[in-house]
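*Asks:* Okay, so here is data_5.tsv, and as you'll see once you scroll down, it has TSV, C-alpha atoms and all ligand atoms.
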chain	number	residue	atom	x	y	z
A	9	MET	CA	0.00	0.00	0.00
A	10	ASN	CA	1.30	3.48	-0.85
A	11	ARG	CA	1.31	5.74	2.17
A	12	LEU	CA	1.48	9.52	1.84
A	13	VAL	CA	4.22	10.70	4.21
A	14	ILE	CA	4.17	14.39	5.04
A	15	ALA	CA	7.58	15.51	6.29
A	16	PRO	CA	7.48	17.96	9.19
A	17	ALA	CA	8.53	21.49	8.25
A	18	ALA	CA	12.27	22.08	8.68
A	19	ARG	CA	13.08	24.46	11.55
A	20	ILE	CA	15.17	27.33	10.22
A	21	ALA	CA	17.15	30.03	12.03
A	22	LEU	CA	17.80	33.20	10.03
A	23	ILE	CA	20.63	35.54	11.00
A	24	GLY	CA	20.25	38.98	9.42
A	25	THR	CA	17.29	41.05	8.30
A	26	GLY	CA	19.09	43.07	5.60
A	27	GLN	CA	18.76	43.20	1.82
A	28	VAL	CA	19.44	39.53	1.13
A	29	ALA	CA	17.31	38.34	4.07
A	30	ARG	CA	14.36	40.41	2.84
A	31	ALA	CA	14.76	39.04	-0.70
A	32	LEU	CA	14.93	35.49	0.71
A	33	ALA	CA	11.76	36.04	2.75
A	34	VAL	CA	9.93	37.27	-0.36
A	35	ALA	CA	11.17	34.26	-2.38
A	36	ILE	CA	10.08	31.77	0.31
A	37	ASP	CA	6.63	33.37	0.77
A	38	ARG	CA	6.13	33.42	-3.01
A	39	ARG	CA	7.12	29.75	-3.23
A	40	ALA	CA	4.74	28.90	-0.38
A	41	SER	CA	1.81	30.60	-2.09
A	42	ARG	CA	2.65	28.76	-5.33
A	43	LEU	CA	3.15	25.31	-3.80
A	44	GLY	CA	0.84	25.52	-0.78
A	45	SER	CA	3.81	25.10	1.57
A	46	THR	CA	7.59	25.15	1.32
A	47	GLY	CA	8.26	22.98	4.34
A	48	LEU	CA	10.45	25.79	5.73
A	49	ARG	CA	9.46	27.13	9.13
A	50	LEU	CA	11.15	30.32	10.34
A	51	ALA	CA	11.67	29.19	13.92
A	52	TRP	CA	14.13	31.86	15.04
A	53	LEU	CA	15.36	35.15	13.64
A	54	CYS	CA	17.90	37.75	14.71
A	55	ASN	CA	19.84	40.79	13.63
A	56	SER	CA	22.49	42.69	15.56
A	57	ARG	CA	19.76	44.49	17.56
A	58	GLY	CA	17.39	41.75	18.63
A	59	GLN	CA	15.78	38.38	18.06
A	60	ALA	CA	12.31	36.91	17.51
A	61	ARG	CA	10.49	33.58	17.43
A	62	PRO	CA	7.93	34.15	14.69
A	63	GLU	CA	4.57	32.38	15.08
A	64	ALA	CA	3.01	33.10	11.68
A	65	PRO	CA	4.05	30.97	8.68
A	66	GLU	CA	4.94	33.91	6.44
A	67	TRP	CA	8.55	35.12	6.49
A	68	ARG	CA	8.45	38.65	5.06
A	69	GLY	CA	6.40	40.21	7.87
A	70	ALA	CA	8.63	38.67	10.56
A	71	VAL	CA	11.84	39.87	8.87
A	72	ASP	CA	10.46	43.38	8.31
A	73	ARG	CA	9.20	43.67	11.89
A	74	LEU	CA	12.58	42.77	13.38
A	75	ASP	CA	14.39	44.97	10.87
A	76	ARG	CA	12.42	47.95	12.17
A	77	THR	CA	13.83	47.49	15.71
A	78	GLU	CA	15.46	50.60	17.17
A	79	ARG	CA	18.99	51.15	15.81
A	80	SER	CA	20.24	52.07	19.28
A	81	GLN	CA	19.80	48.49	20.57
A	82	ARG	CA	22.66	46.00	20.23
A	83	THR	CA	22.66	42.40	21.37
A	84	ASP	CA	25.39	39.79	21.70
A	85	PRO	CA	27.37	39.91	18.42
A	86	SER	CA	27.37	36.14	18.24
A	87	PRO	CA	23.90	34.56	18.53
A	88	GLU	CA	23.23	31.64	20.88
A	89	LEU	CA	21.24	29.01	19.01
A	90	ALA	CA	19.12	26.39	20.76
A	91	ASP	CA	19.39	22.74	19.73
A	92	GLY	CA	16.74	21.25	17.46
A	93	LEU	CA	17.20	23.61	14.52
A	94	ASP	CA	17.65	21.98	11.11
A	95	VAL	CA	19.29	24.81	9.15
A	96	VAL	CA	21.01	28.05	10.17
A	97	ILE	CA	21.07	30.69	7.42
A	98	ASP	CA	23.77	33.33	7.93
A	99	LEU	CA	22.92	36.49	5.99
A	100	SER	CA	25.09	38.79	8.06
A	101	ALA	CA	28.59	39.93	7.18
A	102	SER	CA	29.65	39.40	10.78
A	103	ASP	CA	32.96	37.84	11.74
A	104	ALA	CA	31.58	36.84	15.16
A	105	VAL	CA	28.74	34.94	13.49
A	106	ALA	CA	31.02	33.19	10.97
A	107	ALA	CA	33.26	32.12	13.85
A	108	ARG	CA	30.37	29.89	15.05
A	109	HIS	CA	29.74	28.03	11.77
A	110	ALA	CA	31.92	25.02	12.64
A	111	GLU	CA	30.34	24.65	16.08
A	112	TRP	CA	26.81	24.70	14.63
A	113	LEU	CA	27.79	22.07	12.07
A	114	ALA	CA	29.24	19.88	14.83
A	115	ARG	CA	25.92	20.19	16.71
A	116	GLY	CA	24.06	18.73	13.72
A	117	MET	CA	22.65	21.91	12.15
A	118	ALA	CA	23.22	22.55	8.47
A	119	VAL	CA	24.72	25.98	7.77
A	120	VAL	CA	23.82	27.93	4.62
A	121	THR	CA	25.64	31.21	4.22
A	122	ALA	CA	26.08	34.27	2.02
A	123	ASN	CA	28.60	35.49	4.60
A	124	LYS	CA	32.08	34.98	3.11
A	125	ARG	CA	33.85	35.11	6.45
A	126	GLY	CA	33.36	31.37	7.07
A	127	LEU	CA	35.62	29.78	4.44
A	128	GLY	CA	37.01	33.13	3.26
A	129	GLU	CA	39.04	34.19	6.28
A	130	SER	CA	41.65	32.46	8.43
A	131	ALA	CA	43.03	29.01	7.68
A	132	ALA	CA	42.12	27.83	11.21
A	133	ARG	CA	38.45	28.78	10.78
A	134	ALA	CA	38.28	27.25	7.30
A	135	ASP	CA	39.94	24.04	8.51
A	136	ALA	CA	37.41	23.73	11.34
A	137	ILE	CA	34.47	24.15	8.92
A	138	LEU	CA	35.95	21.70	6.40
A	139	ALA	CA	36.62	19.14	9.18
A	140	ALA	CA	33.02	19.48	10.38
A	141	GLY	CA	31.92	18.96	6.77
A	142	ARG	CA	34.00	15.78	6.47
A	143	ALA	CA	32.34	14.55	9.66
A	144	GLY	CA	28.93	14.90	8.00
A	145	GLY	CA	28.04	18.58	8.47
A	146	GLU	CA	26.24	20.18	5.54
A	147	TYR	CA	27.62	23.58	4.50
A	148	GLY	CA	25.95	25.54	1.68
A	149	ASP	CA	28.00	28.49	0.46
A	150	SER	CA	27.10	28.80	-3.25
A	151	ALA	CA	26.00	32.40	-2.66
A	152	THR	CA	29.39	33.56	-1.38
A	153	VAL	CA	31.09	33.87	-4.80
A	154	GLY	CA	29.30	35.28	-7.84
A	155	ALA	CA	25.90	35.09	-6.10
A	156	GLY	CA	25.40	31.49	-7.13
A	157	LEU	CA	27.16	31.70	-10.52
A	158	GLY	CA	28.31	28.14	-9.89
A	159	GLY	CA	32.08	28.51	-9.50
A	160	VAL	CA	32.35	27.13	-5.98
A	161	ARG	CA	30.17	24.12	-6.75
A	162	ARG	CA	31.94	23.29	-10.05
A	163	LEU	CA	35.39	23.50	-8.46
A	164	ARG	CA	34.30	21.22	-5.61
A	165	GLU	CA	32.88	18.72	-8.11
A	166	LEU	CA	36.14	18.71	-10.09
A	167	HIS	CA	38.16	18.27	-6.89
A	168	ALA	CA	35.87	15.49	-5.63
A	169	CYS	CA	36.40	13.44	-8.79
A	170	GLY	CA	40.19	13.83	-8.63
A	171	GLU	CA	40.55	16.26	-11.53
A	172	PRO	CA	43.81	18.23	-11.30
A	173	VAL	CA	42.93	21.95	-11.35
A	174	HIS	CA	45.87	24.06	-12.52
A	175	ALA	CA	44.66	27.66	-12.19
A	176	ILE	CA	41.62	29.78	-11.39
A	177	ALA	CA	41.14	33.40	-12.44
A	178	GLY	CA	38.22	35.69	-11.88
A	179	VAL	CA	36.67	39.10	-11.98
A	180	LEU	CA	34.88	38.58	-8.70
A	181	SER	CA	33.60	42.01	-7.71
A	182	GLY	CA	30.71	43.68	-9.49
A	183	THR	CA	31.59	46.90	-7.65
A	184	LEU	CA	35.17	46.99	-8.94
A	185	ALA	CA	34.00	45.99	-12.44
A	186	TRP	CA	31.53	48.92	-12.39
A	187	LEU	CA	34.21	51.37	-11.22
A	188	PHE	CA	36.95	50.36	-13.64
A	189	ASP	CA	34.55	50.22	-16.60
A	190	ARG	CA	33.42	53.78	-15.95
A	191	TYR	CA	36.65	55.46	-14.95
A	192	ASP	CA	38.07	57.61	-17.78
A	193	SER	CA	40.57	59.88	-15.92
A	194	ARG	CA	38.39	62.96	-16.54
A	195	ARG	CA	37.42	63.23	-12.88
A	196	PRO	CA	39.09	61.77	-9.78
A	197	PHE	CA	38.62	58.05	-9.13
A	198	SER	CA	37.43	58.86	-5.58
A	199	GLU	CA	34.46	60.82	-7.03
A	200	LEU	CA	33.37	57.77	-8.97
A	201	VAL	CA	33.63	55.70	-5.78
A	202	ARG	CA	31.38	58.25	-4.06
A	203	GLU	CA	28.86	57.86	-6.88
A	204	ALA	CA	28.95	54.05	-6.56
A	205	HIS	CA	28.52	54.39	-2.79
A	206	ALA	CA	25.52	56.73	-3.20
A	207	GLN	CA	23.88	54.19	-5.54
A	208	GLY	CA	24.37	51.38	-3.00
A	209	TYR	CA	26.99	49.50	-5.07
A	210	THR	CA	29.65	49.48	-2.34
A	211	GLU	CA	29.91	48.24	1.23
A	212	PRO	CA	29.18	50.94	3.85
A	213	ASP	CA	32.98	51.35	4.16
A	214	PRO	CA	34.00	51.31	0.46
A	215	ARG	CA	37.54	50.23	1.38
A	216	GLU	CA	36.13	46.69	1.85
A	217	ASP	CA	35.59	46.59	-1.92
A	218	ILE	CA	38.31	48.90	-3.25
A	219	ALA	CA	41.21	47.54	-1.22
A	220	GLY	CA	40.43	44.00	-2.39
A	221	HIS	CA	39.44	42.52	1.02
A	222	ASP	CA	36.13	41.18	-0.29
A	223	VAL	CA	37.76	39.77	-3.45
A	224	ALA	CA	40.45	38.16	-1.29
A	225	ARG	CA	37.76	36.32	0.70
A	226	LYS	CA	36.20	35.04	-2.53
A	227	LEU	CA	39.59	33.94	-3.85
A	228	ARG	CA	40.31	32.01	-0.63
A	229	ILE	CA	36.92	30.28	-0.93
A	230	LEU	CA	37.64	29.24	-4.55
A	231	ALA	CA	41.18	28.06	-3.76
A	232	ARG	CA	39.99	26.06	-0.74
A	233	ALA	CA	37.23	24.48	-2.88
A	234	VAL	CA	39.96	22.58	-4.77
A	235	GLY	CA	41.92	21.77	-1.63
A	236	TRP	CA	44.73	24.30	-2.06
A	237	PRO	CA	46.07	25.49	1.27
A	238	VAL	CA	45.72	29.24	1.80
A	239	PRO	CA	47.94	30.23	4.74
A	240	ASP	CA	47.02	33.43	6.55
A	241	GLY	CA	48.47	36.55	4.96
A	242	SER	CA	49.26	34.75	1.69
A	243	VAL	CA	46.94	36.67	-0.68
A	244	GLU	CA	49.04	39.32	-2.43
A	245	ILE	CA	47.06	42.48	-3.18
A	246	ASP	CA	48.19	45.06	-5.76
A	247	PRO	CA	49.78	47.98	-3.87
A	248	ARG	CA	47.86	50.40	-6.12
A	249	LEU	CA	44.68	49.26	-4.31
A	250	ARG	CA	46.16	49.63	-0.84
A	251	CYS	CA	44.01	51.96	1.30
A	252	PRO	CA	45.21	53.30	4.63
A	253	GLU	CA	43.28	51.94	7.65
A	254	GLY	CA	41.70	54.36	10.11
A	255	PRO	CA	38.45	56.14	10.82
A	256	GLU	CA	38.46	58.21	7.61
A	257	PRO	CA	37.52	55.98	4.66
A	258	TRP	CA	37.15	58.85	2.19
A	259	ALA	CA	40.61	60.28	2.87
A	260	ALA	CA	41.97	56.78	2.22
A	261	ILE	CA	40.05	56.51	-1.06
A	262	VAL	CA	41.32	59.93	-2.21
A	263	SER	CA	44.89	58.72	-1.59
A	264	LEU	CA	44.39	56.16	-4.41
A	265	ASN	CA	43.70	58.78	-7.09
A	266	ALA	CA	47.30	59.37	-8.20
A	267	GLY	CA	48.13	55.65	-8.59
A	268	ILE	CA	44.95	54.93	-10.58
A	269	ASP	CA	45.62	57.96	-12.82
A	270	GLU	CA	49.13	56.71	-13.48
A	271	LEU	CA	47.75	53.28	-14.40
A	272	PHE	CA	45.41	54.80	-16.97
A	273	ARG	CA	48.28	56.77	-18.51
A	274	GLN	CA	49.94	53.39	-19.15
A	275	ARG	CA	46.95	51.93	-21.07
A	276	PRO	CA	48.65	49.63	-23.63
A	277	ASP	CA	46.08	50.25	-26.41
A	278	PRO	CA	42.60	51.75	-26.66
A	279	SER	CA	40.86	48.35	-26.80
A	280	ALA	CA	42.42	47.13	-23.54
A	281	ARG	CA	39.94	46.80	-20.64
A	282	PRO	CA	41.03	47.49	-17.06
A	283	ALA	CA	39.94	45.04	-14.36
A	284	VAL	CA	40.80	43.84	-10.89
A	285	VAL	CA	41.64	40.20	-11.51
A	286	ALA	CA	42.01	37.52	-8.83
A	287	ARG	CA	44.32	34.64	-9.76
A	288	ALA	CA	45.13	31.44	-7.89
A	289	CYS	CA	47.26	28.39	-8.56
A	290	PRO	CA	48.44	25.80	-6.03
A	291	GLU	CA	51.41	27.96	-5.00
A	292	ARG	CA	50.14	31.56	-5.20
A	293	ARG	CA	47.13	33.83	-4.86
A	294	VAL	CA	47.27	37.35	-6.34
A	295	ILE	CA	44.81	40.21	-6.77
A	296	GLY	CA	46.01	42.70	-9.36
A	297	LEU	CA	44.97	45.57	-11.56
A	298	GLU	CA	45.34	44.32	-15.12
A	299	TRP	CA	44.79	45.52	-18.67
A	300	LEU	CA	42.87	42.74	-20.43
A	301	VAL	CA	43.02	42.25	-24.20
A	302	PRO	CA	39.55	42.07	-25.81
A	303	ASP	CA	39.63	38.32	-26.47
A	304	ASP	CA	40.53	37.45	-22.86
A	305	PRO	CA	37.47	35.59	-21.48
A	306	LEU	CA	37.67	37.81	-18.39
A	307	ALA	CA	37.24	40.89	-20.62
A	308	GLN	CA	34.12	39.55	-22.32
A	309	ARG	CA	31.67	40.70	-19.70
A	310	SER	CA	28.91	43.23	-19.72
A	311	GLY	CA	27.93	45.59	-16.91
A	312	CYS	CA	28.79	44.39	-13.42
A	313	ASP	CA	29.03	40.74	-14.49
A	314	ASN	CA	31.41	38.38	-12.72
A	315	ALA	CA	33.53	35.87	-14.63
A	316	ILE	CA	35.44	32.82	-13.44
A	317	VAL	CA	37.92	30.95	-15.65
A	318	ILE	CA	39.02	27.44	-14.67
A	319	HIS	CA	42.06	25.68	-16.16
A	320	SER	CA	42.22	21.96	-15.35
A	321	GLU	CA	43.27	18.73	-16.98
A	322	ARG	CA	40.04	18.39	-18.96
A	323	TYR	CA	39.86	22.16	-19.58
A	324	ARG	CA	43.49	22.40	-20.77
A	325	GLU	CA	42.97	23.47	-24.41
A	326	ARG	CA	40.08	25.80	-23.68
A	327	PRO	CA	39.31	26.83	-20.11
A	328	LEU	CA	35.87	26.53	-18.56
A	329	VAL	CA	34.32	30.00	-18.36
A	330	LEU	CA	31.46	30.85	-16.01
A	331	ARG	CA	30.11	34.30	-16.61
A	332	GLY	CA	27.03	36.28	-15.61
A	333	PRO	CA	25.43	38.56	-13.09
A	334	GLY	CA	27.30	38.02	-9.84
A	335	ALA	CA	25.64	40.21	-7.21
A	336	GLY	CA	22.32	41.58	-6.06
A	337	PRO	CA	20.02	40.62	-3.21
A	338	GLU	CA	17.53	38.62	-5.31
A	339	LEU	CA	20.17	36.48	-7.04
A	340	THR	CA	22.02	35.94	-3.77
A	341	ALA	CA	18.80	34.95	-2.00
A	342	ALA	CA	17.94	32.53	-4.82
A	343	ALA	CA	21.34	30.82	-4.41
A	344	VAL	CA	20.78	30.60	-0.64
A	345	LEU	CA	17.33	29.06	-1.15
A	346	ASP	CA	18.81	26.53	-3.63
A	347	ASP	CA	21.33	25.47	-0.97
A	348	VAL	CA	18.67	25.18	1.76
A	349	LEU	CA	16.45	23.04	-0.47
A	350	ALA	CA	19.44	20.88	-1.54
A	351	VAL	CA	20.33	20.24	2.12
A	352	LEU	CA	16.76	19.24	2.98
A	353	GLN	CA	16.43	17.10	-0.14
A	354	GLY	CA	19.68	15.31	0.81
A	355	ARG	CA	18.39	14.67	4.33
A	356	ARG	CA	15.12	13.23	3.01
A	357	GLN	CA	17.00	10.90	0.67
A	358	ARG	CA	19.54	9.77	3.26
A	359	PRO	CA	18.98	6.09	4.11
A	360	ALA	CA	17.80	5.38	7.67
A	361	TRP	CA	21.10	3.68	8.57
A	362	ALA	CA	23.01	6.90	7.77
A	363	ALA	CA	20.92	9.08	10.09
A	401	LIG	N1	23.77	42.26	-1.25
A	401	LIG	C1	24.34	41.47	-2.16
A	401	LIG	O1	24.16	41.64	-3.37
A	401	LIG	C2	25.23	40.33	-1.73
A	401	LIG	C3	25.77	39.47	-2.70
A	401	LIG	C4	26.56	38.37	-2.29
A	401	LIG	C5	26.80	38.17	-0.93
A	401	LIG	N2	26.28	39.06	-0.03
A	401	LIG	C6	26.57	38.81	1.37
A	401	LIG	O2	25.34	38.52	2.04
A	401	LIG	C7	25.39	38.98	3.37
A	401	LIG	C8	24.20	39.92	3.61
A	401	LIG	O3	24.28	41.01	2.72
A	401	LIG	P1	23.19	42.21	2.79
A	401	LIG	O4	23.42	43.02	1.56
A	401	LIG	O5	21.85	41.65	3.08
A	401	LIG	O6	23.73	43.00	4.07
A	401	LIG	P2	22.94	44.04	4.98
A	401	LIG	O7	21.76	44.61	4.27
A	401	LIG	O8	23.95	44.95	5.54
A	401	LIG	O9	22.37	43.12	6.17
A	401	LIG	C9	23.20	42.50	7.09
A	401	LIG	C10	22.34	41.98	8.21
A	401	LIG	O10	23.17	41.26	9.13
A	401	LIG	C11	22.81	41.66	10.45
A	401	LIG	N3	23.91	41.44	11.38
A	401	LIG	C12	25.12	42.05	11.39
A	401	LIG	N4	25.85	41.61	12.44
A	401	LIG	C13	25.10	40.70	13.07
A	401	LIG	C14	25.29	39.91	14.23
A	401	LIG	N5	26.44	39.94	14.91
A	401	LIG	N6	24.31	39.08	14.63
A	401	LIG	C15	23.13	39.03	13.92
A	401	LIG	N7	22.88	39.78	12.82
A	401	LIG	C16	23.86	40.60	12.41
A	401	LIG	C17	22.46	43.12	10.32
A	401	LIG	O11	21.71	43.51	11.44
A	401	LIG	P3	21.58	45.06	11.85
A	401	LIG	O12	20.78	45.70	10.76
A	401	LIG	O13	20.90	44.97	13.16
A	401	LIG	O14	22.99	45.57	11.95
A	401	LIG	C18	21.65	43.10	9.02
A	401	LIG	O15	20.32	42.75	9.29
A	401	LIG	C19	26.76	39.67	3.52
A	401	LIG	O16	27.67	38.75	4.07
A	401	LIG	C20	27.14	40.02	2.10
A	401	LIG	O17	28.54	40.12	1.91
A	401	LIG	C21	25.49	40.11	-0.39
Is it possible to express this structure as C-alpha cells?

*Replies:*
Amino acid sequence: MNRLVIAPAARIALIGTGQVARALAVAIDRRASRLGSTGLRLAWLCNSRGQARPEAPEWRGAVDRLDRTERSQRTDPSPELADGLDVVIDLSASDAVAARHAEWLARGMAVVTANKRGLGESAARADAILAAGRAGGEYGDSATVGAGLGGVRRLRELHACGEPVHAIAGVLSGTLAWLFDRYDSRRPFSELVREAHAQGYTEPDPREDIAGHDVARKLRILARAVGWPVPDGSVEIDPRLRCPEGPEPWAAIVSLNAGIDELFRQRPDPSARPAVVARACPERRVIGLEWLVPDDPLAQRSGCDNAIVIHSERYRERPLVLRGPGAGPELTAAAVLDDVLAVLQGRRQRPAWAA
C-alpha cells in the first residue's frame, strides 16, 4: 500500500534582516503561495539588535518587523542558538557569526551562508568548517562567490572526482567591475567611488571593496574548494589598491587617485579593458589591476558581471568560463534558497542507517 508521508517542516534560524534576508523572505513566501507550503518554518530570527520567534508561517512580515527594531539596541554579536534547529542561514557579514559556523555544524545543524567570512578568512576557521563537513556537516555556500554563478560548486565537483585543477582566475567584484569600466581619468577616481557608494553599489565602508578585502575572501573560498592550502596573509594584493586603515575611509580613497591615474596613462592600447583580476594556482594567490586584451574571457563581460575561468586537466585546451550577473540581493537569496532546499532534499534521501 502506498502511504502519503508528510515531512514535518524544517526548523530554520535566520541571521540577518538586511537586503538579502528580505529578498529570501519574499522568495520563500512566493514559493509557499505557489506550492501551498515550502516545508520551511522560520523558527528563530535575529539581527544585531534583537531576536524573535515568529509564530506566523509567512517570512516577510517577521523579517520586516525585526528589521524595524530601534537602531540604538545592540545584542550579543554572536547569537546563541538552541538545539533542534535543522538549518542556520547566515545572511550577516559578521565575523563573530562566521566564527560559530563550525560549532553549529558539529551540533548537527546545516549551515547555509552568504557570509564569506566562514571559508574566506583564516586558515584555522576554514579548517574547522571543512573538518566538520568531512564529519557529515552540511555547508551551503554557493551564494558567497558570484551570487550562485556556480564557481564554488563546479570547483568542488572537479576536486571530488580527482581532476587536477591548474589555475583559477576571476573578476569577482561587481563593484570593482563597475568602477573600472566607468573610470576615464576625466574626474578623480574617488568621485566615482562616491557615486557608486551613493547608488548602494559598495559596502558601507567602500575600502572593503576597493582595497580588495572582499575579493580576497572570494579567492580564498575558490582556492579552498579545490583543496589548495591558503595560509594566513598569503593573498598578495596590488599595492595600487592599498588603502590606509583608520576612521576616515574617504581620505583613504582619495589617496588612491594618483596611482589609478598613473595606471590609466599606461593603457597599452585603446581596446584594452582594465579590471581587478584575482588569480590562484596551487602555490600563489594574487589580486592585481590588469589591462585585459579584448579576447581574454575575463574581458568579455557586460555591466557588473562576474567571470570565473578554470584551467584543469580536462579544460586544458580551452578553459571553462562561467560568466554572468554576480551580485544583487535577489540572485544571492535565490542561491541561498537553492542550498537550503538541496540540504533538505539530501536529508530526506539519506537512508535510515546513515541518520
Ligand atoms: N547584497 C548582495 O548583493 C550580496 C551578494 C553576495 C553576498 N552578499 C553577502 O550577504 C550577506 C548579507 O548582505 P546584505 O546586503 O543583506 O547585508 P545588509 O543589508 O547589511 O544586512 C546584514 C544583516 O546582518 C545583520 N547582522 C550584522 N551583524 C550581526 C550579528 N552579529 N548578529 C546578527 N545579525 C547581524 C544586520 O543587522 P543590523 O541591521 O541589526 O545591523 C543586518 O540585518 C553579507 O555577508 C554580504 O557580503 C550580499

*Asks:* Measuring between all atoms listed in the file, which one of A:Val351, A:Ala40, A:Ala110, A:Val179 shows the shortest distance to Leu300 (chain A)?

*Replies:*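 When distances to Leu300 (chain A) are compared using all atoms listed in the file, the smallest one comes from A:Val179.
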
*Asks:* Considering all atoms listed in the file, tabulate each residue of chain A that lies at most 8 Å from ligand LIG 401 (chain A) along with its nearest interatomic pair and the corresponding distance in Å to one decimal; arrange the rows by chain and ascending residue number and present them as a Markdown table.

*Replies:*
| residue | atom | partner | partner_atom | distance |
| --- | --- | --- | --- | --- |
| A:Ile23 | CA | A:LIG401 | N7 | 5.1 |
| A:Gly24 | CA | A:LIG401 | O10 | 3.7 |
| A:Thr25 | CA | A:LIG401 | O15 | 3.6 |
| A:Gly26 | CA | A:LIG401 | O9 | 3.3 |
| A:Gln27 | CA | A:LIG401 | O5 | 3.7 |
| A:Val28 | CA | A:LIG401 | O5 | 3.8 |
| A:Ala29 | CA | A:LIG401 | O5 | 5.7 |
| A:Arg30 | CA | A:LIG401 | O5 | 7.6 |
| A:Cys54 | CA | A:LIG401 | C15 | 5.4 |
| A:Asn55 | CA | A:LIG401 | N7 | 3.3 |
| A:Ser56 | CA | A:LIG401 | O13 | 3.7 |
| A:Arg57 | CA | A:LIG401 | O13 | 4.6 |
| A:Gly58 | CA | A:LIG401 | O13 | 7.3 |
| A:Asp75 | CA | A:LIG401 | O12 | 6.4 |
| A:Thr77 | CA | A:LIG401 | O13 | 7.9 |
| A:Arg79 | CA | A:LIG401 | O13 | 7.0 |
| A:Arg82 | CA | A:LIG401 | O13 | 7.4 |
| A:Thr83 | CA | A:LIG401 | N6 | 7.7 |
| A:Asp84 | CA | A:LIG401 | N5 | 6.9 |
| A:Pro85 | CA | A:LIG401 | N5 | 3.6 |
| A:Ser86 | CA | A:LIG401 | N5 | 5.1 |
| A:Pro87 | CA | A:LIG401 | N6 | 6.0 |
| A:Asp98 | CA | A:LIG401 | C7 | 7.4 |
| A:Leu99 | CA | A:LIG401 | C8 | 4.4 |
| A:Ser100 | CA | A:LIG401 | O10 | 3.3 |
| A:Ala101 | CA | A:LIG401 | O16 | 3.5 |
| A:Ser102 | CA | A:LIG401 | N4 | 4.7 |
| A:Asp103 | CA | A:LIG401 | N5 | 7.5 |
| A:Ala104 | CA | A:LIG401 | N5 | 6.0 |
| A:Val105 | CA | A:LIG401 | N5 | 5.7 |
| A:Thr121 | CA | A:LIG401 | O2 | 7.6 |
| A:Ala122 | CA | A:LIG401 | O2 | 4.3 |
| A:Asn123 | CA | A:LIG401 | O16 | 3.4 |
| A:Lys124 | CA | A:LIG401 | O16 | 5.9 |
| A:Arg125 | CA | A:LIG401 | O16 | 7.6 |
| A:Ala151 | CA | A:LIG401 | C4 | 6.0 |
| A:Thr152 | CA | A:LIG401 | C5 | 5.3 |
| A:Val153 | CA | A:LIG401 | C4 | 6.9 |
| A:Gly154 | CA | A:LIG401 | C4 | 6.9 |
| A:Ala155 | CA | A:LIG401 | C4 | 5.1 |
| A:Asp222 | CA | A:LIG401 | O17 | 8.0 |
| A:Gly334 | CA | A:LIG401 | C3 | 7.4 |
| A:Ala335 | CA | A:LIG401 | O1 | 4.4 |
| A:Gly336 | CA | A:LIG401 | O1 | 3.3 |
| A:Pro337 | CA | A:LIG401 | O1 | 4.3 |
| A:Glu338 | CA | A:LIG401 | O1 | 7.5 |
| A:Leu339 | CA | A:LIG401 | O1 | 7.5 |
| A:Thr340 | CA | A:LIG401 | C3 | 5.3 |

*Asks:* May I have the selected residues written with C-alpha atoms, as an mmCIF file, in the frame of the given file?

*Replies:*
data_model
loop_
_atom_site.group_PDB
_atom_site.id
_atom_site.type_symbol
_atom_site.label_atom_id
_atom_site.label_comp_id
_atom_site.auth_asym_id
_atom_site.auth_seq_id
_atom_site.Cartn_x
_atom_site.Cartn_y
_atom_site.Cartn_z
ATOM 1 C CA ILE A 23 20.630 35.540 11.000
ATOM 2 C CA GLY A 24 20.250 38.980 9.420
ATOM 3 C CA THR A 25 17.290 41.050 8.300
ATOM 4 C CA GLY A 26 19.090 43.070 5.600
ATOM 5 C CA GLN A 27 18.760 43.200 1.820
ATOM 6 C CA VAL A 28 19.440 39.530 1.130
ATOM 7 C CA ALA A 29 17.310 38.340 4.070
ATOM 8 C CA ARG A 30 14.360 40.410 2.840
ATOM 9 C CA CYS A 54 17.900 37.750 14.710
ATOM 10 C CA ASN A 55 19.840 40.790 13.630
ATOM 11 C CA SER A 56 22.490 42.690 15.560
ATOM 12 C CA ARG A 57 19.760 44.490 17.560
ATOM 13 C CA GLY A 58 17.390 41.750 18.630
ATOM 14 C CA ASP A 75 14.390 44.970 10.870
ATOM 15 C CA THR A 77 13.830 47.490 15.710
ATOM 16 C CA ARG A 79 18.990 51.150 15.810
ATOM 17 C CA ARG A 82 22.660 46.000 20.230
ATOM 18 C CA THR A 83 22.660 42.400 21.370
ATOM 19 C CA ASP A 84 25.390 39.790 21.700
ATOM 20 C CA PRO A 85 27.370 39.910 18.420
ATOM 21 C CA SER A 86 27.370 36.140 18.240
ATOM 22 C CA PRO A 87 23.900 34.560 18.530
ATOM 23 C CA ASP A 98 23.770 33.330 7.930
ATOM 24 C CA LEU A 99 22.920 36.490 5.990
ATOM 25 C CA SER A 100 25.090 38.790 8.060
ATOM 26 C CA ALA A 101 28.590 39.930 7.180
ATOM 27 C CA SER A 102 29.650 39.400 10.780
ATOM 28 C CA ASP A 103 32.960 37.840 11.740
ATOM 29 C CA ALA A 104 31.580 36.840 15.160
ATOM 30 C CA VAL A 105 28.740 34.940 13.490
ATOM 31 C CA THR A 121 25.640 31.210 4.220
ATOM 32 C CA ALA A 122 26.080 34.270 2.020
ATOM 33 C CA ASN A 123 28.600 35.490 4.600
ATOM 34 C CA LYS A 124 32.080 34.980 3.110
ATOM 35 C CA ARG A 125 33.850 35.110 6.450
ATOM 36 C CA ALA A 151 26.000 32.400 -2.660
ATOM 37 C CA THR A 152 29.390 33.560 -1.380
ATOM 38 C CA VAL A 153 31.090 33.870 -4.800
ATOM 39 C CA GLY A 154 29.300 35.280 -7.840
ATOM 40 C CA ALA A 155 25.900 35.090 -6.100
ATOM 41 C CA ASP A 222 36.130 41.180 -0.290
ATOM 42 C CA GLY A 334 27.300 38.020 -9.840
ATOM 43 C CA ALA A 335 25.640 40.210 -7.210
ATOM 44 C CA GLY A 336 22.320 41.580 -6.060
ATOM 45 C CA PRO A 337 20.020 40.620 -3.210
ATOM 46 C CA GLU A 338 17.530 38.620 -5.310
ATOM 47 C CA LEU A 339 20.170 36.480 -7.040
ATOM 48 C CA THR A 340 22.020 35.940 -3.770
#

*Asks:* Using all atoms listed in the file, find the one residue out of A:Ala260, A:Val234, A:Ile295, A:Ala136 that sits nearest to Val201 (chain A).

*Replies:*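 For Val201 (chain A), the nearest of the given residues is A:Ala260.
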
*Asks:* Could you tell me how far CA of Ala341 (chain A) sits from CA of Leu306 (chain A), in Å to one decimal place?

*Replies:*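 Going from CA of Leu306 (chain A) over to CA of Ala341 (chain A), I get 25.2 Å.
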